[in-house]
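Colleague: The structure file upload.cif (mmCIF, C-alpha atoms and all ligand atoms) is provided below.
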```cif
data_coords
loop_
_atom_site.label_atom_id
_atom_site.label_comp_id
_atom_site.auth_asym_id
_atom_site.auth_seq_id
_atom_site.Cartn_x
_atom_site.Cartn_y
_atom_site.Cartn_z
CA MET A 249 -83.43 20.40 260.94
CA SER A 250 -84.53 20.53 257.32
CA LEU A 251 -85.49 23.79 255.67
CA TYR A 252 -89.03 22.47 255.34
CA ARG A 253 -89.34 21.84 259.12
CA THR A 254 -88.51 25.53 259.61
CA LEU A 255 -90.92 26.71 256.94
CA ARG A 256 -93.82 24.42 257.82
CA PRO A 257 -95.29 26.41 260.73
CA LEU A 258 -95.39 29.47 258.47
CA LEU A 259 -96.93 27.53 255.60
CA PHE A 260 -99.53 26.02 257.95
CA ARG A 261 -100.61 29.52 258.96
CA LEU A 262 -101.85 29.93 255.40
CA PRO A 263 -105.06 28.30 254.22
CA PRO A 264 -104.21 24.89 252.69
CA GLU A 265 -104.87 25.99 249.12
CA ALA A 266 -102.73 29.12 249.44
CA ALA A 267 -99.86 27.04 250.85
CA HIS A 268 -100.34 24.59 247.99
CA ARG A 269 -100.20 27.38 245.39
CA LEU A 270 -96.94 28.57 246.93
CA ALA A 271 -95.47 25.06 246.75
CA VAL A 272 -96.47 24.61 243.10
CA SER A 273 -95.10 28.08 242.24
CA ALA A 274 -91.80 27.30 243.98
CA LEU A 275 -91.48 24.08 241.99
CA ARG A 276 -92.48 25.84 238.77
CA VAL A 277 -89.67 28.36 239.08
CA GLY A 278 -87.12 25.63 239.75
CA ALA A 279 -86.76 25.73 243.55
CA GLY A 280 -87.06 21.92 243.73
CA PRO A 281 -83.33 21.19 244.02
CA LEU A 282 -83.12 23.69 246.92
CA LEU A 283 -85.94 21.92 248.70
CA GLY A 284 -85.12 18.26 248.22
CA THR A 285 -81.63 17.49 247.04
CA GLY A 286 -79.94 14.22 246.20
CA GLY A 287 -78.60 12.13 243.39
CA PRO A 288 -80.43 9.72 241.09
CA PRO A 289 -82.16 6.73 242.71
CA GLU A 290 -80.24 3.52 243.33
CA SER A 291 -80.31 0.99 240.50
CA ARG A 292 -82.01 -1.44 242.93
CA LEU A 293 -85.12 0.76 242.66
CA ALA A 294 -85.55 0.33 238.89
CA ALA A 295 -89.20 -0.62 238.40
CA ALA A 296 -91.74 -1.29 235.68
CA VAL A 297 -95.47 -0.84 235.27
CA GLY A 298 -96.15 -3.03 232.25
CA PRO A 299 -93.96 -1.59 229.49
CA LEU A 300 -93.28 1.66 231.41
CA ARG A 301 -89.75 1.74 232.79
CA LEU A 302 -89.19 3.75 235.99
CA ALA A 303 -85.90 4.78 237.61
CA SER A 304 -87.80 4.80 240.91
CA PRO A 305 -91.16 3.23 241.79
CA ILE A 306 -92.19 6.33 243.77
CA GLY A 307 -94.52 8.58 241.82
CA LEU A 308 -96.45 11.78 242.40
CA ALA A 309 -100.19 11.14 242.70
CA ALA A 310 -102.86 13.11 240.84
CA GLY A 311 -104.18 16.30 242.39
CA PHE A 312 -100.87 17.96 243.32
CA ASP A 313 -100.06 19.48 239.92
CA LYS A 314 -103.60 19.58 238.60
CA HIS A 315 -102.85 21.95 235.74
CA GLY A 316 -99.45 20.65 234.62
CA GLU A 317 -97.61 23.78 235.75
CA ALA A 318 -94.59 22.30 237.52
CA VAL A 319 -93.87 18.89 236.00
CA ARG A 320 -90.07 19.28 235.85
CA GLY A 321 -90.06 20.73 239.35
CA CYS A 322 -91.96 17.69 240.61
CA PHE A 323 -89.46 15.33 238.92
CA SER A 324 -86.62 17.32 240.53
CA LEU A 325 -87.80 16.07 243.95
CA GLY A 326 -86.83 12.54 242.92
CA PHE A 327 -90.13 11.11 241.69
CA GLY A 328 -89.78 8.27 239.18
CA PHE A 329 -93.04 9.26 237.46
CA VAL A 330 -95.49 12.13 237.70
CA GLU A 331 -99.26 12.23 237.16
CA VAL A 332 -100.82 15.63 236.47
CA GLY A 333 -104.52 16.47 236.65
CA GLY A 334 -107.38 15.64 237.09
CA VAL A 335 -108.14 17.55 233.95
CA THR A 336 -111.62 18.19 232.56
CA PRO A 337 -112.32 19.07 228.91
CA ARG A 338 -113.58 22.59 229.66
CA PRO A 339 -112.23 24.79 232.46
CA GLN A 340 -114.29 24.62 235.65
CA PRO A 341 -113.86 26.25 239.06
CA GLY A 342 -114.61 23.26 241.29
CA ASN A 343 -116.43 23.59 244.59
CA PRO A 344 -116.61 26.76 246.68
CA LYS A 345 -113.75 27.37 249.14
CA PRO A 346 -112.79 26.30 251.73
CA ARG A 347 -112.51 22.83 250.23
CA VAL A 348 -109.27 21.44 251.67
CA PHE A 349 -108.81 20.78 255.40
CA ARG A 350 -105.65 19.73 257.25
CA LEU A 351 -105.70 17.14 260.02
CA PRO A 352 -102.12 17.39 261.33
CA ASP A 353 -102.62 14.95 264.21
CA GLN A 354 -103.70 12.27 261.74
CA ALA A 355 -101.25 13.35 258.98
CA ALA A 356 -104.35 13.50 256.78
CA LEU A 357 -106.35 15.81 254.56
CA ILE A 358 -109.98 16.09 253.63
CA ASN A 359 -110.60 17.62 250.21
CA ARG A 360 -113.64 18.34 248.12
CA MET A 361 -111.95 20.25 245.32
CA GLY A 362 -114.58 19.03 242.85
CA LEU A 363 -112.16 18.67 239.91
CA ASN A 364 -111.18 22.31 239.55
CA SER A 365 -109.38 22.41 236.23
CA ALA A 366 -107.76 24.88 233.87
CA GLY A 367 -109.26 22.71 231.12
CA GLN A 368 -107.61 20.37 228.67
CA ASP A 369 -106.55 22.99 226.09
CA VAL A 370 -104.48 24.93 228.62
CA VAL A 371 -102.94 21.81 230.15
CA ALA A 372 -102.26 20.17 226.77
CA ALA A 373 -100.50 23.32 225.53
CA ARG A 374 -98.26 23.28 228.64
CA LEU A 375 -97.43 19.61 228.19
CA ALA A 376 -96.72 20.07 224.47
CA LYS A 377 -94.16 22.75 225.33
CA LEU A 378 -92.68 20.60 228.06
CA ARG A 379 -92.28 17.57 225.83
CA ARG A 380 -89.96 19.37 223.43
CA ASP A 381 -87.16 18.15 225.72
CA PRO A 382 -87.09 14.68 227.27
CA LEU A 383 -88.47 14.23 230.80
CA PRO A 384 -86.64 12.21 233.45
CA GLY A 385 -89.49 9.69 233.70
CA PRO A 386 -92.98 8.81 232.48
CA LEU A 387 -95.73 11.43 232.59
CA GLY A 388 -99.38 10.62 233.21
CA VAL A 389 -102.55 12.67 232.89
CA ASN A 390 -105.52 12.01 235.17
CA LEU A 391 -108.81 12.47 233.32
CA GLY A 392 -112.16 13.59 234.70
CA PHE A 393 -115.39 15.00 233.33
CA ASN A 394 -117.08 18.39 233.57
CA LYS A 395 -119.71 18.61 236.27
CA ASP A 396 -122.38 19.56 233.71
CA ALA A 397 -121.32 17.02 231.07
CA PRO A 398 -124.37 15.53 229.33
CA ASP A 399 -122.35 12.39 228.46
CA PRO A 400 -119.47 11.86 230.92
CA ALA A 401 -117.90 9.10 228.80
CA ALA A 402 -117.56 11.58 225.92
CA ASP A 403 -115.51 13.83 228.21
CA TYR A 404 -113.04 11.02 228.92
CA VAL A 405 -112.83 10.31 225.18
CA ALA A 406 -112.06 14.00 224.63
CA GLY A 407 -109.33 13.72 227.28
CA VAL A 408 -107.84 10.70 225.54
CA ARG A 409 -107.74 12.59 222.23
CA ALA A 410 -106.23 15.71 223.80
CA PHE A 411 -103.44 13.95 225.69
CA ALA A 412 -102.68 10.81 223.68
CA GLY A 413 -99.53 12.21 222.09
CA LEU A 414 -98.42 14.02 225.23
CA ALA A 415 -98.72 11.47 228.02
CA ASP A 416 -97.14 8.07 228.62
CA PHE A 417 -100.23 6.97 230.53
CA LEU A 418 -103.75 8.23 231.01
CA THR A 419 -105.61 7.52 234.23
CA VAL A 420 -109.37 7.23 234.05
CA ASN A 421 -110.50 8.65 237.35
CA VAL A 422 -113.79 6.95 238.21
CA SER A 423 -113.18 7.33 241.93
CA SER A 424 -113.14 10.99 243.04
CA PRO A 425 -115.86 11.40 245.64
CA ASN A 426 -116.44 15.07 244.80
CA THR A 427 -118.15 14.98 241.40
CA PRO A 428 -121.73 13.69 241.54
CA GLY A 429 -122.17 10.49 239.51
CA LEU A 430 -118.44 9.95 238.91
CA ARG A 431 -118.07 6.92 241.15
CA ASP A 432 -121.13 5.32 239.51
CA LEU A 433 -118.89 4.71 236.50
CA GLN A 434 -117.18 1.97 238.52
CA ARG A 435 -120.28 -0.23 238.12
CA ARG A 436 -119.83 -3.15 235.75
CA ASP A 437 -122.07 -1.99 232.87
CA ALA A 438 -121.03 1.64 233.04
CA LEU A 439 -117.32 0.75 233.23
CA THR A 440 -117.58 -1.75 230.38
CA GLY A 441 -119.22 0.90 228.20
CA LEU A 442 -116.72 3.58 229.18
CA LEU A 443 -113.66 1.39 228.63
CA GLY A 444 -115.05 0.19 225.29
CA ARG A 445 -115.32 3.79 224.09
CA LEU A 446 -111.86 4.67 225.40
CA THR A 447 -110.11 1.70 223.85
CA ALA A 448 -111.87 2.38 220.55
CA ALA A 449 -110.68 5.99 220.69
CA LEU A 450 -107.13 4.87 221.51
CA ALA A 451 -107.07 2.27 218.76
CA GLY A 452 -107.47 4.95 216.12
CA LEU A 453 -104.55 7.05 217.34
CA PRO A 454 -100.97 7.01 216.04
CA GLU A 455 -99.46 7.22 219.54
CA ARG A 456 -101.15 5.05 222.15
CA PRO A 457 -100.51 5.92 225.79
CA LEU A 458 -101.17 3.26 228.43
CA LEU A 459 -104.61 3.27 230.02
CA PHE A 460 -104.89 3.11 233.81
CA VAL A 461 -108.11 2.94 235.84
CA LYS A 462 -108.18 4.48 239.32
CA ILE A 463 -110.62 3.01 241.83
CA ALA A 464 -112.12 4.03 245.15
CA PRO A 465 -111.23 2.49 248.51
CA ASP A 466 -114.93 2.36 249.39
CA LEU A 467 -115.98 -0.44 247.03
CA ASP A 468 -117.50 -3.58 248.51
CA GLY A 469 -116.31 -7.08 247.62
CA GLU A 470 -118.79 -7.41 244.78
CA GLY A 471 -117.76 -4.05 243.34
CA GLU A 472 -114.09 -4.99 243.46
CA ALA A 473 -114.74 -8.33 241.77
CA ALA A 474 -116.77 -6.64 239.03
CA ILE A 475 -113.96 -4.16 238.39
CA ALA A 476 -111.33 -6.90 238.26
CA GLU A 477 -113.34 -8.78 235.63
CA THR A 478 -114.11 -5.67 233.63
CA VAL A 479 -110.57 -4.30 233.46
CA LEU A 480 -109.18 -7.71 232.55
CA ALA A 481 -111.67 -8.01 229.72
CA ALA A 482 -110.89 -4.52 228.41
CA SER A 483 -107.44 -3.43 227.26
CA VAL A 484 -106.56 -1.71 230.52
CA ASP A 485 -102.83 -1.55 231.33
CA ALA A 486 -102.87 -0.97 235.11
CA LEU A 487 -105.10 -0.32 238.11
CA VAL A 488 -104.44 2.62 240.42
CA VAL A 489 -105.49 1.59 243.94
CA GLY A 490 -106.74 4.02 244.95
CA ASN A 491 -108.38 7.34 245.56
CA THR A 492 -109.51 9.13 248.74
CA THR A 493 -112.15 7.63 251.03
CA ILE A 494 -115.53 8.96 252.06
CA ASP A 495 -115.26 6.90 255.23
CA ARG A 496 -114.51 8.68 258.51
CA PRO A 497 -112.56 6.53 260.98
CA ALA A 498 -113.67 6.81 264.61
CA ASP A 499 -110.50 8.57 265.76
CA LEU A 500 -111.00 11.63 263.54
CA PRO A 501 -112.03 14.83 265.32
CA ASP A 502 -115.78 15.49 265.24
CA TRP A 503 -115.48 18.54 262.98
CA ALA A 504 -113.74 16.37 260.37
CA LYS A 505 -116.46 13.74 260.51
CA GLY A 506 -118.93 16.42 259.47
CA GLU A 507 -116.80 17.77 256.60
CA ALA A 508 -117.74 16.35 253.17
CA GLY A 509 -115.00 15.16 250.82
CA GLY A 510 -112.30 12.56 250.39
CA LEU A 511 -109.96 11.64 253.22
CA SER A 512 -106.31 10.99 252.32
CA GLY A 513 -103.07 10.36 254.15
CA ARG A 514 -102.28 8.14 257.13
CA PRO A 515 -105.87 6.93 257.85
CA LEU A 516 -105.93 5.46 254.33
CA LYS A 517 -102.66 3.55 254.65
CA ALA A 518 -103.66 0.09 255.89
CA ARG A 519 -106.96 0.17 254.04
CA SER A 520 -105.33 0.84 250.67
CA THR A 521 -102.62 -1.78 251.24
CA ALA A 522 -105.33 -4.37 251.96
CA GLN A 523 -107.22 -3.33 248.82
CA ILE A 524 -104.06 -3.65 246.72
CA ALA A 525 -103.67 -7.24 247.92
CA ARG A 526 -107.35 -8.01 247.17
CA MET A 527 -107.16 -6.50 243.68
CA ALA A 528 -103.90 -8.34 242.95
CA ARG A 529 -105.61 -11.62 243.85
CA LEU A 530 -108.84 -10.78 242.00
CA THR A 531 -106.90 -9.97 238.83
CA GLY A 532 -104.76 -13.09 239.18
CA ARG A 533 -101.77 -10.72 239.19
CA ARG A 534 -102.20 -10.30 235.44
CA LEU A 535 -102.51 -6.51 235.70
CA PRO A 536 -99.93 -4.18 237.23
CA ILE A 537 -101.11 -2.16 240.22
CA VAL A 538 -100.02 1.33 241.23
CA GLY A 539 -100.50 1.56 245.00
CA VAL A 540 -101.57 4.88 246.55
CA GLY A 541 -102.79 5.89 249.99
CA GLY A 542 -101.04 7.17 253.09
CA ILE A 543 -97.45 6.46 252.07
CA GLU A 544 -95.08 8.41 254.32
CA SER A 545 -92.04 6.14 254.63
CA GLY A 546 -90.00 3.55 252.79
CA ALA A 547 -91.66 0.87 254.93
CA ASP A 548 -95.10 2.07 253.76
CA ALA A 549 -94.04 1.92 250.11
CA TYR A 550 -92.49 -1.50 250.68
CA ALA A 551 -95.68 -2.85 252.29
CA LYS A 552 -97.70 -1.80 249.24
CA ILE A 553 -95.15 -3.31 246.86
CA ARG A 554 -95.13 -6.58 248.82
CA ALA A 555 -98.94 -6.51 248.72
CA GLY A 556 -98.80 -6.48 244.92
CA ALA A 557 -98.06 -2.93 243.73
CA SER A 558 -95.51 -2.59 240.92
CA ALA A 559 -95.08 1.09 241.78
CA VAL A 560 -96.58 3.58 244.23
CA GLN A 561 -97.71 7.20 244.35
CA LEU A 562 -98.15 9.70 247.15
CA TYR A 563 -99.46 13.17 247.78
CA THR A 564 -100.65 13.98 251.32
CA ALA A 565 -97.42 13.10 253.17
CA LEU A 566 -95.57 15.70 251.08
CA ILE A 567 -97.56 18.37 252.88
CA TYR A 568 -96.53 17.13 256.31
CA GLU A 569 -93.00 15.94 255.55
CA GLY A 570 -91.92 18.30 252.79
CA PRO A 571 -90.07 17.78 249.54
CA GLY A 572 -87.13 15.84 251.02
CA LEU A 573 -89.59 13.00 251.66
CA VAL A 574 -89.31 11.52 248.18
CA ARG A 575 -85.59 10.81 248.41
CA ARG A 576 -85.90 9.68 252.02
CA ILE A 577 -88.51 7.10 250.99
CA ALA A 578 -86.32 5.97 248.10
CA ALA A 579 -83.31 5.48 250.43
CA GLU A 580 -85.41 3.63 253.02
CA LEU A 581 -86.98 1.41 250.38
CA ALA A 582 -83.59 0.58 248.85
CA ALA A 583 -82.30 -0.34 252.34
CA LEU A 584 -85.30 -2.62 252.99
CA LEU A 585 -84.82 -4.40 249.67
CA ALA A 586 -81.10 -4.83 250.41
CA ARG A 587 -81.91 -6.19 253.89
CA ASP A 588 -84.23 -8.80 252.36
CA GLY A 589 -81.94 -9.52 249.42
CA LEU A 590 -84.65 -8.69 246.88
CA THR A 591 -84.80 -6.68 243.70
CA LEU A 592 -87.83 -4.50 243.35
CA SER A 593 -89.52 -6.84 240.88
CA GLN A 594 -88.95 -9.80 243.23
CA ALA A 595 -90.60 -7.86 246.05
CA VAL A 596 -93.78 -7.13 244.05
CA GLY A 597 -96.47 -9.32 245.59
CA ALA A 598 -94.03 -11.14 247.91
CA ASP A 599 -96.62 -11.13 250.71
CA LEU A 600 -99.31 -12.56 248.43
CA ALA A 601 -97.40 -15.78 247.88
CA ALA A 602 -96.86 -16.12 251.63
CA THR A 603 -100.53 -15.65 252.49
CA ALA A 604 -102.33 -17.01 249.41
CA PRO A 605 -105.19 -19.32 250.33
CA PRO A 606 -104.59 -22.98 249.37
CA GLY A 607 -105.65 -23.86 245.84
C1 LIG B 1 -106.19 17.98 247.31
C2 LIG B 1 -106.27 16.66 246.58
C3 LIG B 1 -106.69 16.64 245.25
C4 LIG B 1 -106.77 15.42 244.56
N1 LIG B 1 -107.17 15.42 243.25
C5 LIG B 1 -107.24 14.24 242.58
C6 LIG B 1 -107.65 14.21 241.22
O1 LIG B 1 -107.88 15.24 240.59
N2 LIG B 1 -107.75 13.00 240.61
C7 LIG B 1 -107.47 11.82 241.27
O2 LIG B 1 -107.58 10.74 240.69
N3 LIG B 1 -107.05 11.84 242.55
C8 LIG B 1 -106.93 13.00 243.22
N4 LIG B 1 -106.52 13.00 244.53
C9 LIG B 1 -106.23 11.71 245.20
C10 LIG B 1 -104.73 11.39 245.23
O3 LIG B 1 -104.22 11.25 243.93
C11 LIG B 1 -104.48 10.09 246.02
O4 LIG B 1 -105.13 9.03 245.36
C12 LIG B 1 -104.99 10.15 247.46
O5 LIG B 1 -104.78 11.43 248.03
C13 LIG B 1 -104.34 9.09 248.35
O6 LIG B 1 -102.93 9.27 248.41
P1 LIG B 1 -102.20 10.04 249.64
O7 LIG B 1 -102.76 9.46 250.91
O8 LIG B 1 -100.75 9.80 249.45
O9 LIG B 1 -102.56 11.48 249.47
C14 LIG B 1 -106.43 14.21 245.23
C15 LIG B 1 -105.99 14.26 246.56
C16 LIG B 1 -105.90 15.44 247.23
C17 LIG B 1 -105.43 15.45 248.67
#
```
Is it possible to express this structure as structure tokens?
Modeller:
Amino acid sequence: MSLYRTLRPLLFRLPPEAAHRLAVSALRVGAGPLLGTGGPPESRLAAAVGPLRLASPIGLAAGFDKHGEAVRGCFSLGFGFVEVGGVTPRPQPGNPKPRVFRLPDQAALINRMGLNSAGQDVVAARLAKLRRDPLPGPLGVNLGFNKDAPDPAADYVAGVRAFAGLADFLTVNVSSPNTPGLRDLQRRDALTGLLGRLTAALAGLPERPLLFVKIAPDLDGEGEAAIAETVLAASVDALVVGNTTIDRPADLPDWAKGEAGGLSGRPLKARSTAQIARMARLTGRRLPIVGVGGIESGADAYAKIRAGASAVQLYTALIYEGPGLVRRIAAELAALLARDGLTLSQAVGADLAATAPPG
């Protein structure tokens, strides 16, 4: 039995946020190798998201290390890339607690953190210190806006300026369900305006990180088509598909149906894989996709890659499976690729070709 299996009942007696703080603190002080050991990923897992080269396609999703406190610790678990944040320009407390709820039977979480952030100055200072020595893989920063921002787009521009020299990619989060008005930025006109301002801000900078856009699983067909057109027209480098859902599947317990926030984990799995395939088709596969939602095994990661994702991220399953999960997924994924005789890049979108409509 893994150490985590022994510790989990104790951790789950703590409120979710207290358990999370403990996990981040353990990773910050370098306990990662004790918790999830193993060598470097197999060469078969080498992946790319546009020009970003990854030793493993399995990344840490936004929201785990919101304040950039434990980046090296997160890499030590075997992630090929790490995304910190969401970060807002000014510090803000987020929503009142409790704001994270475990659903162990569904291997899911509901959260309404509301973009609690230490603020970009604190996070940027941490990342500047960190970057004095090379990191094992690319680092991303997830950008949000302050709840009371008069001009939300200006907050994202501020984020771009603060993190341009510190991050390999910046993710524009227009999909968190917990900040009023944030998801409205996914609409065609709003997104066009926002991306125009961001690409203008990036164009004037000496070091240009890649620009990713993270979308919600709750868009309708029209919304997805509008996003595909908009991101292709702007200089966006990848789509992150996607965030938590406001939907509540019928098999959730009643208390959870009444709890506001975004649902993540297993209930999101099939839905996000289907959305990855739709977005890959809508973008004519001209834009890399980072697939996120309910990944808890190598088979889950593989399904998202075959649906069109160049790389994947996860968060919720870490809570249920523990830190050894990352290397387990990598080993399972490598075995699946070997079974099918594919390299990772050959597997990207393999199911799209098989099921593409004629013409
Ligand atoms: C507690 C919590 C906080 C999150 N915070 C953010 C965030 O700040 N920005 C963001 O884009 N996504 C955030 N997410 C969404 C995750 O990055 C991810 O898209 C989602 O949880 C689906 O992946 P999973 O099922 O593997 O958790 C958060 C998720 C959780 C559970």
Colleague: Using all atoms listed in the file, find the one residue out of A:Arg301, A:Arg350, A:Arg261, A:Arg533 that sits nearest to Gly513 (chain A).
Modeller: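 The answer is A:Arg350, which sits nearest to Gly513 (chain A).
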Colleague: Of the candidates A:Leu325, A:Ala279, A:Val335, A:Ala582, which one gets nearest to Ala366 (chain A) if we count only C-alpha atoms?
Modeller: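 Once distances to Ala366 (chain A) are computed over only C-alpha atoms, the minimum belongs to A:Val335.
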Colleague: In Å to one decimal, how far is CA of Gly367 (chain A) from CA of Phe260 (chain A)?
Modeller: 28.7 Å
Colleague: Would you kindly return, as a PyMOL selection string, each protein, DNA or RNA residue with an atom no farther than 12 Å from any atom of Leu433 (chain A), considering all atoms listed in the file and excluding same-chain residues fewer than 3 positions away?
Modeller: chain A and resi 392-393+399-401+404+420-425+427-430+436-443+461-464+471+474-475+478
Colleague: Could you name the residues that touch Pro339 (chain A) at 10 Å or less, counting all atoms listed in the file, but leaving out those on the same chain fewer than 2 positions away, as an NGL selection string?
Modeller: :A and (335-337 or 341-342 or 363-370 or 394)
Colleague: Out of A:Ala525, A:Ala482, A:Ile537, A:Val389, which residue has the shortest atom-to-atom distance to ligand LIG 1 (chain B) when counting all atoms listed in the file?
Modeller: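 Nearest candidate to ligand LIG 1 (chain B) out of A:Ala525, A:Ala482, A:Ile537, A:Val389: A:Val389.
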Colleague: Between A:Asp432, A:Asp499, A:Asp588, A:Glu569, which residue has the minimum interatomic distance to ligand LIG 1 (chain B), considering all atoms listed in the file?
Modeller: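 Going through A:Asp432, A:Asp499, A:Asp588, A:Glu569 one by one, the smallest distance to ligand LIG 1 (chain B) is for A:Glu569.
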Colleague: Taking only C-alpha atoms into account, name the residue in A:Val488, A:Asn359, A:Gly316, A:Gly469 that is nearest to Ala415 (chain A).
Modeller: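 When distances to Ala415 (chain A) are compared using only C-alpha atoms, the smallest one comes from A:Gly316.
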Colleague: Need to verify the contact set: Thr591 (chain A), 8 Å, all atoms listed in the file, exclusion of same-chain residues closer than 6 positions in sequence. Can you return it as a ChimeraX atom specification?
Modeller: /A:292-293,585
Colleague: Between A:Ala578, A:Ala355, A:Ala406, A:Leu592, which is the closest to ligand LIG 1 (chain B) once you count only C-alpha atoms and all ligand atoms?
Modeller: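 That would be A:Ala355, the residue with the smallest distance to ligand LIG 1 (chain B).
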Colleague: Give as a list in words the set of residues within 9 Å of the point (-105.3, 9.1, 261.1), where distances use the file's coordinates and all atoms listed in the file.
Modeller: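 Protein, DNA and RNA residues close to (-105.3, 9.1, 261.1): Leu351, Pro352, Asp353, Gln354, Ala355, Ala356, Pro497, Asp499, Leu500, Gly513, Arg514, Pro515, Leu516 and Lys517 of chain A.
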Colleague: Using only C-alpha atoms, which residues sit within 12 Å of Pro571 (chain A) once same-chain residues fewer than 2 positions away are excluded, as a PyMOL selection string?
Modeller: chain A and resi 250-253+255-256+271-272+274-275+279-286+308+321-327+544+562-569+573-577
Colleague: Do you have the CA of Glu317 (chain A)-CA of Arg374 (chain A) distance handy?
Modeller: 7.2 Å
Colleague: What's around Ala547 (chain A) at 10 Å? Count all atoms listed in the file, leave out sequence neighbours fewer than 4 positions away in its own chain, and write the answer as a PyMOL selection string.
Modeller: chain A and resi 543+551-553+577+580-581+583-584
Colleague: Work out how far apart CA of Asn491 (chain A) and CA of Gly311 (chain A) are and give it in Å to one decimal.
Modeller: 10.4 Å
Colleague: Within 6 Å of (-94.9, -1.5, 236.6) (coordinates as in the file), grab all the protein and nucleic acid residues, counting all atoms listed in the file, and write them out as a ChimeraX atom specification.
Modeller: /A:296-298,536,558-559
Colleague: Atoms to include: C-alpha atoms. Write the selected residues as a PDB file, in the coordinates of the input.
Modeller:
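Just written: out.pdb:
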```
ATOM      1  CA  ALA A 296     -91.740  -1.290 235.680  1.00  0.00           C
ATOM      2  CA  VAL A 297     -95.470  -0.840 235.270  1.00  0.00           C
ATOM      3  CA  GLY A 298     -96.150  -3.030 232.250  1.00  0.00           C
ATOM      4  CA  PRO A 536     -99.930  -4.180 237.230  1.00  0.00           C
ATOM      5  CA  SER A 558     -95.510  -2.590 240.920  1.00  0.00           C
ATOM      6  CA  ALA A 559     -95.080   1.090 241.780  1.00  0.00           C
TER       7      ALA A 559
END
```
Colleague: Edge lengths and centre, in Å to one decimal, as JSON: that's what I need for the box along x, y and z that holds all listed atoms of region 508-518 of chain A plus 4 Å on each side.
Modeller:
```
{"center_x": -110.0, "center_y": 8.2, "center_z": 254.1, "size_x": 23.5, "size_y": 24.3, "size_z": 15.5}
```
Colleague: Taking N, CA and C atoms as the atom set, what does region 320-335 of chain A look like once completed, written as a PDB file, in the frame of the given file?
Modeller:
```pdb
ATOM      1  N   ARG A 320     -91.521  19.494 235.636  1.00  0.00           N
ATOM      2  CA  ARG A 320     -90.070  19.280 235.850  1.00  0.00           C
ATOM      3  C   ARG A 320     -89.691  19.510 237.310  1.00  0.00           C
ATOM      4  N   GLY A 321     -90.315  20.478 237.933  1.00  0.00           N
ATOM      5  CA  GLY A 321     -90.060  20.730 239.350  1.00  0.00           C
ATOM      6  C   GLY A 321     -90.436  19.529 240.196  1.00  0.00           C
ATOM      7  N   CYS A 322     -91.540  18.883 239.858  1.00  0.00           N
ATOM      8  CA  CYS A 322     -91.960  17.690 240.610  1.00  0.00           C
ATOM      9  C   CYS A 322     -90.933  16.569 240.401  1.00  0.00           C
ATOM     10  N   PHE A 323     -90.493  16.367 239.165  1.00  0.00           N
ATOM     11  CA  PHE A 323     -89.460  15.330 238.920  1.00  0.00           C
ATOM     12  C   PHE A 323     -88.189  15.650 239.707  1.00  0.00           C
ATOM     13  N   SER A 324     -87.887  16.949 239.866  1.00  0.00           N
ATOM     14  CA  SER A 324     -86.620  17.320 240.530  1.00  0.00           C
ATOM     15  C   SER A 324     -86.599  16.871 241.993  1.00  0.00           C
ATOM     16  N   LEU A 325     -87.753  16.554 242.561  1.00  0.00           N
ATOM     17  CA  LEU A 325     -87.800  16.070 243.950  1.00  0.00           C
ATOM     18  C   LEU A 325     -87.402  14.602 244.054  1.00  0.00           C
ATOM     19  N   GLY A 326     -87.277  13.936 242.901  1.00  0.00           N
ATOM     20  CA  GLY A 326     -86.830  12.540 242.920  1.00  0.00           C
ATOM     21  C   GLY A 326     -87.916  11.548 242.536  1.00  0.00           C
ATOM     22  N   PHE A 327     -89.079  12.035 242.105  1.00  0.00           N
ATOM     23  CA  PHE A 327     -90.130  11.110 241.690  1.00  0.00           C
ATOM     24  C   PHE A 327     -89.706  10.357 240.423  1.00  0.00           C
ATOM     25  N   GLY A 328     -90.079   9.081 240.361  1.00  0.00           N
ATOM     26  CA  GLY A 328     -89.780   8.270 239.180  1.00  0.00           C
ATOM     27  C   GLY A 328     -90.826   8.461 238.084  1.00  0.00           C
ATOM     28  N   PHE A 329     -92.006   8.925 238.451  1.00  0.00           N
ATOM     29  CA  PHE A 329     -93.040   9.260 237.460  1.00  0.00           C
ATOM     30  C   PHE A 329     -93.995  10.269 238.099  1.00  0.00           C
ATOM     31  N   VAL A 330     -94.648  11.027 237.237  1.00  0.00           N
ATOM     32  CA  VAL A 330     -95.490  12.130 237.700  1.00  0.00           C
ATOM     33  C   VAL A 330     -96.840  12.049 236.981  1.00  0.00           C
ATOM     34  N   GLU A 331     -97.922  12.196 237.768  1.00  0.00           N
ATOM     35  CA  GLU A 331     -99.260  12.230 237.160  1.00  0.00           C
ATOM     36  C   GLU A 331     -99.860  13.608 237.399  1.00  0.00           C
ATOM     37  N   VAL A 332    -100.178  14.324 236.328  1.00  0.00           N
ATOM     38  CA  VAL A 332    -100.820  15.630 236.470  1.00  0.00           C
ATOM     39  C   VAL A 332    -102.335  15.465 236.364  1.00  0.00           C
ATOM     40  N   GLY A 333    -103.067  16.535 236.697  1.00  0.00           N
ATOM     41  CA  GLY A 333    -104.520  16.470 236.650  1.00  0.00           C
ATOM     42  C   GLY A 333    -105.091  16.200 238.025  1.00  0.00           C
ATOM     43  N   GLY A 334    -106.396  15.845 238.114  1.00  0.00           N
ATOM     44  CA  GLY A 334    -107.380  15.640 237.090  1.00  0.00           C
ATOM     45  C   GLY A 334    -107.678  16.860 236.226  1.00  0.00           C
ATOM     46  N   VAL A 335    -107.839  16.538 234.950  1.00  0.00           N
ATOM     47  CA  VAL A 335    -108.140  17.550 233.950  1.00  0.00           C
ATOM     48  C   VAL A 335    -109.522  17.263 233.384  1.00  0.00           C
TER      49      VAL A 335
END
```
